[in-house]
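Shown below: query-v3.txt, with compact mmCIF, C-alpha atoms.
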```
# COMPACT_ATOMS: atom_id res chain seq x y z
CA MET M 102 106.52 106.48 118.88
CA THR M 103 110.10 105.67 117.94
CA GLY M 104 112.04 108.26 116.00
CA SER M 105 112.47 107.85 112.28
CA ARG M 106 115.98 106.63 111.47
CA VAL M 107 116.14 108.56 108.20
CA LYS M 108 115.03 112.00 107.12
CA LEU M 109 111.88 111.85 105.00
CA PRO M 110 112.43 113.15 101.47
CA GLU M 111 110.93 116.38 100.22
CA ASN M 112 109.53 114.60 97.17
CA ALA M 113 107.56 112.13 99.29
CA GLY M 114 104.03 111.40 98.13
CA ASP M 115 100.86 111.76 100.13
CA ASP M 116 99.92 108.12 100.65
CA PRO M 117 101.42 105.96 103.41
CA VAL M 118 103.84 104.16 101.09
CA SER M 119 105.08 106.85 98.70
CA GLY M 120 105.02 109.28 101.62
CA SER M 121 107.44 107.12 103.56
CA ALA M 122 111.22 106.92 103.54
CA LEU M 123 110.93 104.50 100.62
CA ALA M 124 110.64 107.61 98.46
CA LEU M 125 114.35 108.16 99.05
CA GLN M 126 114.87 105.48 96.39
CA PRO M 127 112.29 106.38 93.73
CA GLU M 128 113.41 103.82 91.13
CA ALA M 129 113.22 100.99 93.65
CA LEU M 130 109.87 102.25 94.92
CA ALA M 131 108.45 102.32 91.40
CA ALA M 132 109.68 98.77 90.75
CA PHE M 133 108.25 97.59 94.06
CA ASN M 134 104.89 99.22 93.36
CA GLN M 135 104.75 97.48 89.99
CA LEU M 136 105.55 94.10 91.57
CA TYR M 137 103.12 94.60 94.45
CA GLY M 138 100.37 95.72 92.09
CA THR M 139 100.85 92.60 90.00
CA LEU M 140 100.75 90.41 93.07
CA TRP M 141 97.47 91.91 94.22
CA SER M 142 95.59 92.86 91.09
CA ARG M 143 96.97 90.79 88.24
CA GLY M 144 97.08 87.46 90.01
CA VAL M 145 95.27 84.15 90.23
CA LEU M 146 94.64 83.84 93.96
CA ASP M 147 91.58 85.48 95.51
CA HIS M 148 92.06 88.69 97.50
CA PRO M 149 90.70 87.48 100.85
CA SER M 150 93.22 84.60 100.89
CA LYS M 151 96.14 86.96 100.29
CA GLU M 152 94.79 89.43 102.85
CA VAL M 153 94.56 86.70 105.51
CA ALA M 154 98.23 85.85 104.92
CA ARG M 155 99.24 89.52 104.89
CA LEU M 156 97.48 90.23 108.18
CA ARG M 157 98.92 87.15 109.87
CA ASN M 158 102.39 88.33 108.85
CA ALA M 159 101.59 91.85 110.06
CA ARG M 160 100.64 90.59 113.49
CA LYS M 161 103.57 88.20 113.85
CA THR M 162 106.09 90.73 112.54
CA ASN M 163 104.33 93.34 114.69
CA CYS M 164 104.26 96.15 112.16
CA VAL M 165 101.80 98.74 113.47
CA PHE M 166 101.08 100.14 110.03
CA CYS M 167 100.58 96.76 108.32
CA LYS M 168 98.37 95.48 111.13
CA ASN M 169 95.90 98.31 110.76
CA VAL M 170 95.64 98.56 106.99
CA ARG M 171 92.79 96.78 105.22
CA PHE M 172 92.90 96.43 101.45
CA SER M 173 89.57 97.37 99.93
CA GLN M 174 89.18 94.53 97.42
CA ALA M 175 89.53 91.83 100.08
CA ARG M 176 86.78 93.53 102.05
CA SER M 177 84.59 93.86 98.97
CA ASP M 178 85.16 90.19 98.25
CA GLY M 179 83.88 89.18 101.66
CA LEU M 180 86.64 89.25 104.26
CA GLU M 181 84.90 90.65 107.31
CA GLU M 182 86.46 92.33 110.32
CA SER M 183 84.96 89.65 112.56
CA GLN M 184 87.08 87.10 110.68
CA VAL M 185 90.18 89.31 110.78
CA GLU M 186 89.82 89.38 114.57
CA HIS M 187 90.62 85.65 114.63
CA ILE M 188 93.89 85.98 112.73
CA ARG M 189 95.92 85.68 115.88
CA ASP M 190 97.38 82.92 118.04
CA GLY M 191 94.73 80.33 118.82
CA TYR M 192 93.13 80.61 115.38
CA GLU M 193 92.83 76.81 115.11
CA GLY M 194 90.00 76.90 117.63
CA SER M 195 88.19 79.78 115.91
CA ASP M 196 85.36 79.60 113.41
CA LEU M 197 87.58 80.65 110.52
CA SER M 198 87.16 78.39 107.50
CA ALA M 199 89.41 75.38 106.94
CA ARG M 200 90.93 77.19 103.96
CA GLN M 201 91.74 80.27 106.05
CA LYS M 202 93.29 78.12 108.80
CA LEU M 203 95.41 76.34 106.21
CA ILE M 204 96.71 79.69 104.94
CA LEU M 205 97.56 80.67 108.51
CA ARG M 206 99.44 77.41 109.17
CA TYR M 207 101.41 77.87 105.96
CA THR M 208 102.14 81.50 106.84
CA ASP M 209 103.39 80.49 110.28
CA VAL M 210 105.78 77.92 108.81
CA PHE M 211 107.08 80.48 106.33
CA LEU M 212 107.71 83.02 109.09
CA ASP M 213 108.92 80.70 111.86
CA ASP M 214 111.01 78.11 110.03
CA PRO M 215 110.41 77.34 106.35
CA HIS M 216 112.45 74.15 106.71
CA ALA M 217 109.73 72.84 109.02
CA ILE M 218 107.12 72.31 106.32
CA ASP M 219 105.96 68.71 106.57
CA ALA M 220 104.27 66.23 104.25
CA SER M 221 100.79 66.80 105.61
CA LEU M 222 100.95 70.56 105.13
CA LYS M 223 102.30 70.18 101.59
CA GLN M 224 99.50 67.76 100.74
CA ALA M 225 96.85 70.00 102.26
CA MET M 226 98.17 72.95 100.25
CA ARG M 227 98.14 70.96 97.03
CA ASP M 228 94.63 69.72 97.71
CA GLU M 229 93.34 73.26 98.27
CA PHE M 230 95.33 75.38 95.82
CA SER M 231 96.73 75.15 92.30
CA ALA M 232 100.49 75.32 91.81
CA GLU M 233 100.16 78.87 90.50
CA GLU M 234 98.15 79.90 93.54
CA ILE M 235 100.72 78.41 95.93
CA VAL M 236 103.53 80.25 94.18
CA GLU M 237 101.60 83.51 94.30
CA LEU M 238 100.76 83.10 97.98
CA THR M 239 104.39 82.30 98.81
CA ALA M 240 105.73 85.23 96.82
CA GLY M 241 103.17 87.36 98.62
CA LEU M 242 104.47 86.16 101.97
CA ALA M 243 108.01 87.05 100.91
CA LEU M 244 106.89 90.60 100.10
CA PHE M 245 104.55 91.02 103.07
CA MET M 246 107.24 89.94 105.51
CA GLY M 247 110.04 91.85 103.85
CA PHE M 248 108.22 95.12 103.71
CA SER M 249 106.80 94.82 107.21
CA LYS M 250 110.37 94.38 108.39
CA ILE M 251 111.46 97.47 106.44
CA ALA M 252 108.74 99.52 108.10
CA VAL M 253 109.84 98.30 111.53
CA SER M 254 113.52 98.88 110.75
CA LEU M 255 113.06 102.45 109.58
CA GLY M 256 111.36 103.48 112.83
CA GLY M 257 109.04 106.44 113.13
CA MET M 258 105.85 104.46 113.53
CA PRO M 259 103.31 105.39 116.20
CA GLU M 260 102.54 102.96 119.02
CA SER M 261 99.06 102.43 117.62
CA LEU M 262 96.86 103.41 114.71
CA PRO M 263 93.16 103.11 113.94
CA ILE M 264 92.13 100.51 111.41
CA PHE M 265 91.91 102.14 107.99
CA GLU M 266 91.07 101.00 104.47
CA MET M 267 93.36 101.56 101.51
CA PRO M 268 92.84 100.93 97.81
CA THR M 269 94.24 97.57 96.82
CA PRO M 270 97.62 97.99 95.08
CA ALA M 271 97.14 97.90 91.33
CA MET Y 115 112.33 68.42 94.21
CA THR Y 116 109.66 71.04 94.63
CA TRP Y 117 106.43 69.69 96.06
CA VAL Y 118 104.46 72.25 94.06
CA LEU Y 119 105.26 70.50 90.80
CA ASP Y 120 106.41 67.09 92.03
CA GLN Y 121 109.54 67.49 89.98
CA ALA Y 122 112.90 69.18 90.19
CA SER Y 123 112.71 72.82 89.23
CA PRO Y 124 114.96 75.77 89.91
CA PHE Y 125 113.75 78.96 91.55
CA GLU Y 126 113.17 80.55 88.15
CA GLY Y 127 110.99 77.66 87.03
CA VAL Y 128 108.83 77.81 90.14
CA LEU Y 129 108.35 81.57 90.40
CA GLY Y 130 108.00 81.51 86.61
CA LEU Y 131 104.72 79.67 87.04
CA ARG Y 132 103.40 83.17 87.69
CA ALA Y 133 104.98 84.76 84.64
CA ASN Y 134 104.02 88.42 85.21
CA LEU Y 135 105.02 88.19 88.85
CA PHE Y 136 108.37 86.70 87.93
CA SER Y 137 108.97 89.37 85.34
CA ASP Y 138 108.24 92.17 87.82
CA TYR Y 139 110.38 90.46 90.46
CA GLN Y 140 113.31 90.37 88.04
CA ALA Y 141 112.79 94.03 87.21
CA PHE Y 142 112.85 94.96 90.89
CA VAL Y 143 116.03 92.98 91.53
CA ALA Y 144 117.65 94.56 88.48
CA VAL Y 145 117.10 98.09 89.81
CA PHE Y 146 119.70 97.54 92.53
CA ARG Y 147 122.43 96.85 90.00
CA GLU Y 148 121.32 99.06 87.13
CA GLN Y 149 120.92 102.07 89.40
CA LYS Y 150 123.95 101.08 91.51
CA LEU Y 151 121.95 101.51 94.68
CA LEU Y 152 124.51 99.48 96.61
CA ASP Y 153 128.02 98.20 96.08
CA GLU Y 154 127.95 94.87 94.25
CA GLU Y 155 130.23 93.06 96.69
CA LEU Y 156 128.24 94.34 99.65
CA MET Y 157 125.06 92.91 98.15
CA GLN Y 158 126.70 89.54 97.57
CA LEU Y 159 128.03 89.49 101.10
CA CYS Y 160 124.68 90.32 102.70
CA HIS Y 161 122.80 87.90 100.46
CA LEU Y 162 125.24 85.15 101.36
CA ARG Y 163 124.82 85.89 105.07
CA VAL Y 164 121.04 85.68 104.69
CA ALA Y 165 121.39 82.29 102.99
CA GLN Y 166 123.71 81.08 105.75
CA LEU Y 167 121.36 82.25 108.49
CA HIS Y 168 118.49 80.38 106.85
CA ARG Y 169 120.63 77.27 106.22
CA CYS Y 170 119.91 77.49 102.49
CA SER Y 171 122.90 75.60 101.15
CA SER Y 172 122.04 75.95 97.46
CA GLN Y 173 121.94 79.75 97.68
CA ALA Y 174 124.95 79.90 99.95
CA ASN Y 175 126.98 77.74 97.58
CA ALA Y 176 125.90 79.77 94.57
CA LEU Y 177 126.91 83.04 96.23
CA ALA Y 178 130.13 81.85 97.86
CA GLY Y 179 132.06 82.04 94.60
CA SER Y 180 131.71 85.80 94.46
CA ILE Y 181 133.35 86.35 97.85
CA SER Y 182 137.09 86.15 98.52
CA ASP Y 183 138.28 83.07 100.40
CA ALA Y 184 139.48 85.21 103.30
CA LYS Y 185 136.10 86.89 103.74
CA LEU Y 186 134.23 83.66 103.21
CA SER Y 187 136.01 81.88 106.03
CA ALA Y 188 135.75 84.91 108.32
CA LEU Y 189 132.08 85.60 107.63
CA PRO Y 190 130.59 83.67 110.60
CA GLN Y 191 132.77 85.83 112.91
CA TRP Y 192 132.59 89.04 110.85
CA TYR Y 193 132.34 91.22 113.98
CA ARG Y 194 135.95 90.53 114.97
CA ALA Y 195 137.45 89.96 111.51
CA PRO Y 196 139.77 92.64 110.09
CA GLU Y 197 138.86 91.54 106.56
CA PHE Y 198 135.63 93.51 106.72
CA SER Y 199 135.27 97.27 106.39
CA ALA Y 200 133.21 99.44 108.75
CA LEU Y 201 130.43 99.52 106.16
CA GLU Y 202 130.47 95.75 105.73
CA LYS Y 203 130.34 95.20 109.48
CA ALA Y 204 127.48 97.66 109.91
CA ALA Y 205 125.59 96.05 107.03
CA LEU Y 206 126.18 92.52 108.31
CA GLN Y 207 124.95 93.46 111.76
CA LEU Y 208 121.81 94.91 110.20
CA THR Y 209 121.43 91.79 108.04
CA GLU Y 210 121.49 89.45 111.02
CA CYS Y 211 119.01 91.47 113.07
CA PHE Y 212 116.74 92.01 110.06
CA CYS Y 213 116.49 88.27 109.45
CA LEU Y 214 116.35 87.01 113.01
CA ASP Y 215 114.65 89.72 115.09
CA THR Y 216 113.84 92.94 113.31
CA HIS Y 217 112.73 94.67 116.48
CA SER Y 218 116.26 94.27 117.86
CA ILE Y 219 117.58 96.79 115.32
CA SER Y 220 118.65 99.80 117.34
CA ASP Y 221 119.07 103.45 116.43
CA GLU Y 222 122.83 102.92 116.74
CA MET Y 223 122.83 100.02 114.28
CA ALA Y 224 120.90 102.04 111.71
CA ALA Y 225 123.11 105.08 112.33
CA ALA Y 226 126.23 103.00 111.69
CA VAL Y 227 124.95 102.24 108.19
CA VAL Y 228 123.79 105.81 107.59
CA LYS Y 229 127.24 107.07 108.58
CA GLU Y 230 128.77 105.05 105.76
CA ILE Y 231 126.22 105.30 102.95
CA GLY Y 232 123.63 107.85 104.04
CA ASP Y 233 119.86 107.69 104.41
CA ARG Y 234 119.37 106.56 100.82
CA GLY Y 235 121.87 103.77 101.33
CA LEU Y 236 120.09 102.53 104.44
CA VAL Y 237 116.76 102.42 102.60
CA ALA Y 238 118.35 100.57 99.68
CA LEU Y 239 120.01 98.08 101.99
CA LEU Y 240 116.77 97.38 103.84
CA GLU Y 241 114.92 96.86 100.56
CA PHE Y 242 117.64 94.51 99.35
CA LEU Y 243 117.54 92.56 102.63
CA ALA Y 244 113.76 92.28 102.36
CA LEU Y 245 114.12 90.65 98.95
CA CYS Y 246 116.88 88.32 100.12
CA ASP Y 247 115.14 87.26 103.31
CA GLY Y 248 111.77 86.80 101.64
CA PHE Y 249 112.90 84.91 98.58
CA VAL Y 250 115.44 82.70 100.33
CA ARG Y 251 112.52 81.59 102.50
CA PHE Y 252 110.47 81.14 99.30
CA GLN Y 253 113.11 78.77 97.96
CA ILE Y 254 113.31 76.80 101.20
CA VAL Y 255 109.60 76.36 101.79
CA LEU Y 256 108.90 75.42 98.16
CA GLN Y 257 112.06 73.31 97.96
CA THR Y 258 113.19 74.75 94.69
CA GLY Y 259 116.47 73.74 93.11
CA GLU Y 260 118.70 71.97 95.56
CA SER Y 261 117.69 73.81 98.71
CA GLU Y 262 116.76 70.52 100.36
```
Can you dump the structure from the file as structure tokens?
Amino acid sequence: MTGSRVKLPENAGDDPVSGSALALQPEALAAFNQLYGTLWSRGVLDHPSKEVARLRNARKTNCVFCKNVRFSQARSDGLEESQVEHIRDGYEGSDLSARQKLILRYTDVFLDDPHAIDASLKQAMRDEFSAEEIVELTAGLALFMGFSKIAVSLGGMPESLPIFEMPTPA
Amino acid sequence: MTWVLDQASPFEGVLGLRANLFSDYQAFVAVFREQKLLDEELMQLCHLRVAQLHRCSSQANALAGSISDAKLSALPQWYRAPEFSALEKAALQLTECFCLDTHSISDEMAAAVVKEIGDRGLVALLEFLALCDGFVRFQIVLQTGESE
């Protein structure tokens, strides 16, 4: 476990997000929670699709916390742990669905080099998703990546955690 | 031209396709200035550096006007430029590592920021960098505005 790089606030909450160093900036945390809740629970894209993208980011960014969280609605809507197991390098040869593999390819481009998106990936995305869904997925990637990086940057995370379910942000 | 709409559209027009998401995004961004979580010039400087690192010319051009000519020309070599304060150098170092390899951020790098603006300042800076990094990438991958 690396040491935390800031002192946790006394007013920290009791869940993993509000109980983190993010509570040092309560106005920003409240605004983030509102935005993240809208992304997850007042959106147009299905929960399993967003969860696949979130978990791919978590594994590539290597955020211990993000990798081990499962949002409850995605599970309820059918994303099984056996599928989540395949969200790692080599996923193209797995039995994930074509839609899930497309989300993973798009996520990888976003994380590795967003300039590298090519015509075939754009066309595949447009064939599979509406414009509103693509925008929501991409905004989700921006938030998933950004906040995984914050968690890594602040330090204080254990080397490993058990997989645990959390209520979907709302 | 954004491939999502097959027509030219600025960032606001594209993210605005998801109206409630755009509204909440704007509210989050506004907190940094309304609550003065960070110095305005520091935010512009870090945002510009993020755009430069991601080769997002439209964002870089839009932000360049808010930075003095001396700092603008020295920015690629900020680490040896006297134009930048200790806080700006610490923040720019964090910015580069955050964008390019987050795991390379060391205790010393974080402590250099904390020394200048405290724990709350470090958290605010990281949150601001997360927004910049994420949504500059958003603009590039969706080819909004003139990012291509």
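Closest approach to M:Val236 among M:Leu140, M:Ser221, M:Ser195, M:Asp213 is made by M:Leu140 (distances from only C-alpha atoms).
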Practice problem: Could you list the residues in chain Y lying within 6 Å of chain M, using all atoms listed in the file, and format the result as a PyMOL selection string? | Solution: chain Y and resi 118+131+138+142+233-234+240+244+248-249+254-255
Expected file: the selected residues, C-alpha atoms, as a short mmCIF file (atom, residue, chain, number, x, y, z; two decimals), in the frame of the given file:
```
data_model
loop_
_atom_site.label_atom_id
_atom_site.label_comp_id
_atom_site.auth_asym_id
_atom_site.auth_seq_id
_atom_site.Cartn_x
_atom_site.Cartn_y
_atom_site.Cartn_z
CA VAL Y 118 104.46 72.25 94.06
CA LEU Y 131 104.72 79.67 87.04
CA ASP Y 138 108.24 92.17 87.82
CA PHE Y 142 112.85 94.96 90.89
CA ASP Y 233 119.86 107.69 104.41
CA ARG Y 234 119.37 106.56 100.82
CA LEU Y 240 116.77 97.38 103.84
CA ALA Y 244 113.76 92.28 102.36
CA GLY Y 248 111.77 86.80 101.64
CA PHE Y 249 112.90 84.91 98.58
CA ILE Y 254 113.31 76.80 101.20
CA VAL Y 255 109.60 76.36 101.79
#
```
Exercise. Just the residues within 10 Å of M:Asp178, please, counting all atoms listed in the file, with nothing from its chain fewer than 6 positions along; format it as number ranges by chain.
Key: M: 147-149
Write the residues you've just listed into a file as a PDB file, in the frame of the given file, and include C-alpha atoms for each of them.
```pdb
ATOM      1  CA  ASP M 147      91.580  85.480  95.510  1.00  0.00           C
ATOM      2  CA  HIS M 148      92.060  88.690  97.500  1.00  0.00           C
ATOM      3  CA  PRO M 149      90.700  87.480 100.850  1.00  0.00           C
TER       4      PRO M 149
END
```
Go ahead and find all residues with at least one atom no further than 9 Å from (131.1, 86.5, 95.5) in the file's coordinates, using only C-alpha atoms; report them as a PDB file with C-alpha atoms, in the frame of the given file.
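The new file part-v4.pdb reads:
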```
ATOM      1  CA  GLU Y 155     130.230  93.060  96.690  1.00  0.00           C
ATOM      2  CA  GLN Y 158     126.700  89.540  97.570  1.00  0.00           C
ATOM      3  CA  LEU Y 159     128.030  89.490 101.100  1.00  0.00           C
ATOM      4  CA  LEU Y 162     125.240  85.150 101.360  1.00  0.00           C
ATOM      5  CA  ALA Y 176     125.900  79.770  94.570  1.00  0.00           C
ATOM      6  CA  LEU Y 177     126.910  83.040  96.230  1.00  0.00           C
ATOM      7  CA  ALA Y 178     130.130  81.850  97.860  1.00  0.00           C
ATOM      8  CA  GLY Y 179     132.060  82.040  94.600  1.00  0.00           C
ATOM      9  CA  SER Y 180     131.710  85.800  94.460  1.00  0.00           C
ATOM     10  CA  ILE Y 181     133.350  86.350  97.850  1.00  0.00           C
ATOM     11  CA  SER Y 182     137.090  86.150  98.520  1.00  0.00           C
ATOM     12  CA  LEU Y 186     134.230  83.660 103.210  1.00  0.00           C
TER      13      LEU Y 186
END
```
Quiz item: So, counting only C-alpha atoms, which residue among Y:Val143, Y:Leu135, Y:Cys170, Y:Ala195 is closest to Y:Gly259?
Solution: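 Closest candidate: Y:Cys170.
Interatomic distance, atom CA of M:Met267 against atom CA of M:Ala154: 16.8 Å.
Considering the residues Y:Leu156, Y:Leu129, Y:Ala165, Y:Ala188 and counting all atoms listed in the file, Y:Ala200 has its shortest atom-to-atom contact with Y:Leu156.
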Quiz item: Which value, in Å to one decimal, gives the distance between atom CA of M:Cys167 and atom CA of Y:Lys229?
Solution: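 Straight-line distance from atom CA of M:Cys167 to atom CA of Y:Lys229 works out to 28.6 Å.
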Quiz item: For M:Leu203, which residue out of M:Val170, M:Ala271, M:Val153, M:Ala113 is the nearest one, using only C-alpha atoms?
Solution: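 Nearest to M:Leu203: M:Val153.
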Exercise. Name all residues at most 12 Å from Y:Ile231 (count all atoms listed in the file; drop same-chain ones fewer than 3 positions away) and give them as a list in words.
Key: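 Skipping anything fewer than 3 positions along the chain leaves Val107 of chain M; Leu151, Leu152, Asp153, Leu156, Ala200, Leu201, Glu202, Ala204, Ala205, Ala224, Ala225, Ala226, Val227, Val228, Arg234, Gly235, Leu236, Val237, Ala238 and Leu239 of chain Y.
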Exercise. For atom CA of Y:Pro196 and atom CA of Y:His217, quote the distance in Å rounded to one decimal.
Key: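 Atom CA of Y:His217 lies 27.9 Å from atom CA of Y:Pro196.
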